[in-house]
Amino acid sequence: MTKMDMNKMLQQVQQMQEEMAKAQDELAKEIVEASVGGGVVKVKASGAGEIVEITIARDVIDPDDPEGLADLVLAGVNQALKNSQNLMQSKLGGAMGGLKGLGRPGL
C-alpha cells in the first residue's frame, strides 16, 4: 500500500469516526418505549441503551406478590433495551458496515 493510499484510508476512517460520534449523540437523544402486562409497566430507554424512566401502575403493586411485579419490570426493561438496540442498528447499521473486517468485537 502506498503512502497516499494509507493517508486516504486514514482520512476515511477519521470521517467514519466523526459520523459515528454524531450518530451516537443523536441516538442518545431518542427515546424508545416498551409496555408490558397490558400497559401496567412502561419502560423508556434512550437510543444509547440507557433506561431513562420506569412507570408502574398502582393497581399492579401487590405487596403479596413482589415477584410478579419484578417479572413485569424485568420484561419491560429487556424489551426497552431490545427496542433501543433495534433503533441503534437501524441508525448505525450502514455506518457500521464500513467497519466490518477491522477485527473489533461487538461492532
# chains A, B, ... in the order shown; residues from 1 in each chain; ligands from 1
$ residues_around --residues "Ala23 in chain A" --least-positions-apart "3" --cutoff "12 Å" --atoms "only C-alpha atoms" --output "PyMOL selection string"
chain A and resi 16-20+26-30+47-48+87-96
$ select_by_dssp --residues "chain A" --states "strand (DSSP E or B)" --output "list of chain:residue names"
A:Ile31, A:Val32, A:Glu33, A:Ala34, A:Ser35, A:Val36, A:Val41, A:Lys42, A:Val43, A:Lys44, A:Ala45, A:Ser46, A:Ile51, A:Val52, A:Glu53, A:Ile54, A:Thr55, A:Ile56
$ select_by_dssp --residues "chain A" --states "helix (DSSP H, G or I)" --output "VMD selection string"
chain A and resid 3 to 29 58 to 60 66 to 97
$ atom_distance --atom1 "CA of Lys22 in chain A" --atom2 "CA of Asp5 in chain A"
25.9 Å
$ residues_around --residues "Lys42 in chain A" --least-positions-apart "6" --cutoff "7 Å" --atoms "only C-alpha atoms" --output "PDB file with all heavy atoms, in the first residue's frame"
ATOM      1  N   GLU A  33     -39.877   3.113  23.828  1.00  0.00           N
ATOM      2  CA  GLU A  33     -40.683   2.699  24.976  1.00  0.00           C
ATOM      3  C   GLU A  33     -41.134   1.262  24.810  1.00  0.00           C
ATOM      4  O   GLU A  33     -41.401   0.808  23.699  1.00  0.00           O
ATOM      5  CB  GLU A  33     -41.917   3.598  25.114  1.00  0.00           C
ATOM      6  CG  GLU A  33     -42.761   3.277  26.342  1.00  0.00           C
ATOM      7  CD  GLU A  33     -43.913   4.238  26.542  1.00  0.00           C
ATOM      8  OE1 GLU A  33     -43.669   5.459  26.533  1.00  0.00           O
ATOM      9  OE2 GLU A  33     -45.044   3.762  26.711  1.00  0.00           O
ATOM     10  N   ALA A  34     -41.208   0.553  25.916  1.00  0.00           N
ATOM     11  CA  ALA A  34     -41.763  -0.794  25.952  1.00  0.00           C
ATOM     12  C   ALA A  34     -42.880  -0.800  26.985  1.00  0.00           C
ATOM     13  O   ALA A  34     -42.786  -0.153  28.023  1.00  0.00           O
ATOM     14  CB  ALA A  34     -40.697  -1.810  26.332  1.00  0.00           C
ATOM     15  N   SER A  35     -43.940  -1.530  26.660  1.00  0.00           N
ATOM     16  CA  SER A  35     -45.080  -1.637  27.557  1.00  0.00           C
ATOM     17  C   SER A  35     -45.391  -3.113  27.735  1.00  0.00           C
ATOM     18  O   SER A  35     -45.503  -3.850  26.749  1.00  0.00           O
ATOM     19  CB  SER A  35     -46.278  -0.905  26.937  1.00  0.00           C
ATOM     20  OG  SER A  35     -47.400  -1.025  27.766  1.00  0.00           O
ATOM     21  N   VAL A  36     -45.503  -3.558  28.982  1.00  0.00           N
ATOM     22  CA  VAL A  36     -45.790  -4.968  29.253  1.00  0.00           C
ATOM     23  C   VAL A  36     -46.957  -5.085  30.231  1.00  0.00           C
ATOM     24  O   VAL A  36     -47.326  -4.113  30.893  1.00  0.00           O
ATOM     25  CB  VAL A  36     -44.548  -5.709  29.821  1.00  0.00           C
ATOM     26  CG1 VAL A  36     -43.420  -5.747  28.809  1.00  0.00           C
ATOM     27  CG2 VAL A  36     -44.064  -5.095  31.115  1.00  0.00           C
ATOM     28  N   ILE A  54     -39.085   4.397  34.296  1.00  0.00           N
ATOM     29  CA  ILE A  54     -39.943   3.228  34.510  1.00  0.00           C
ATOM     30  C   ILE A  54     -41.212   3.735  35.177  1.00  0.00           C
ATOM     31  O   ILE A  54     -41.151   4.440  36.187  1.00  0.00           O
ATOM     32  CB  ILE A  54     -39.270   2.169  35.401  1.00  0.00           C
ATOM     33  CG1 ILE A  54     -38.009   1.631  34.715  1.00  0.00           C
ATOM     34  CG2 ILE A  54     -40.251   1.027  35.713  1.00  0.00           C
ATOM     35  CD1 ILE A  54     -37.209   0.654  35.556  1.00  0.00           C
ATOM     36  N   THR A  55     -42.372   3.372  34.586  1.00  0.00           N
ATOM     37  CA  THR A  55     -43.663   3.754  35.139  1.00  0.00           C
ATOM     38  C   THR A  55     -44.427   2.481  35.494  1.00  0.00           C
ATOM     39  O   THR A  55     -44.534   1.573  34.671  1.00  0.00           O
ATOM     40  CB  THR A  55     -44.478   4.571  34.109  1.00  0.00           C
ATOM     41  OG1 THR A  55     -43.691   5.684  33.685  1.00  0.00           O
ATOM     42  CG2 THR A  55     -45.773   5.068  34.712  1.00  0.00           C
ATOM     43  N   ILE A  56     -44.954   2.420  36.722  1.00  0.00           N
ATOM     44  CA  ILE A  56     -45.689   1.247  37.196  1.00  0.00           C
ATOM     45  C   ILE A  56     -47.068   1.709  37.648  1.00  0.00           C
ATOM     46  O   ILE A  56     -47.186   2.619  38.479  1.00  0.00           O
ATOM     47  CB  ILE A  56     -44.946   0.566  38.371  1.00  0.00           C
ATOM     48  CG1 ILE A  56     -43.537   0.149  37.928  1.00  0.00           C
ATOM     49  CG2 ILE A  56     -45.746  -0.614  38.901  1.00  0.00           C
ATOM     50  CD1 ILE A  56     -42.645  -0.315  39.062  1.00  0.00           C
ATOM     51  N   GLY A  76     -40.176  -5.587  30.929  1.00  0.00           N
ATOM     52  CA  GLY A  76     -40.230  -4.251  30.334  1.00  0.00           C
ATOM     53  C   GLY A  76     -38.850  -3.699  30.037  1.00  0.00           C
ATOM     54  O   GLY A  76     -38.612  -3.122  28.973  1.00  0.00           O
TER      55      GLY A  76
END
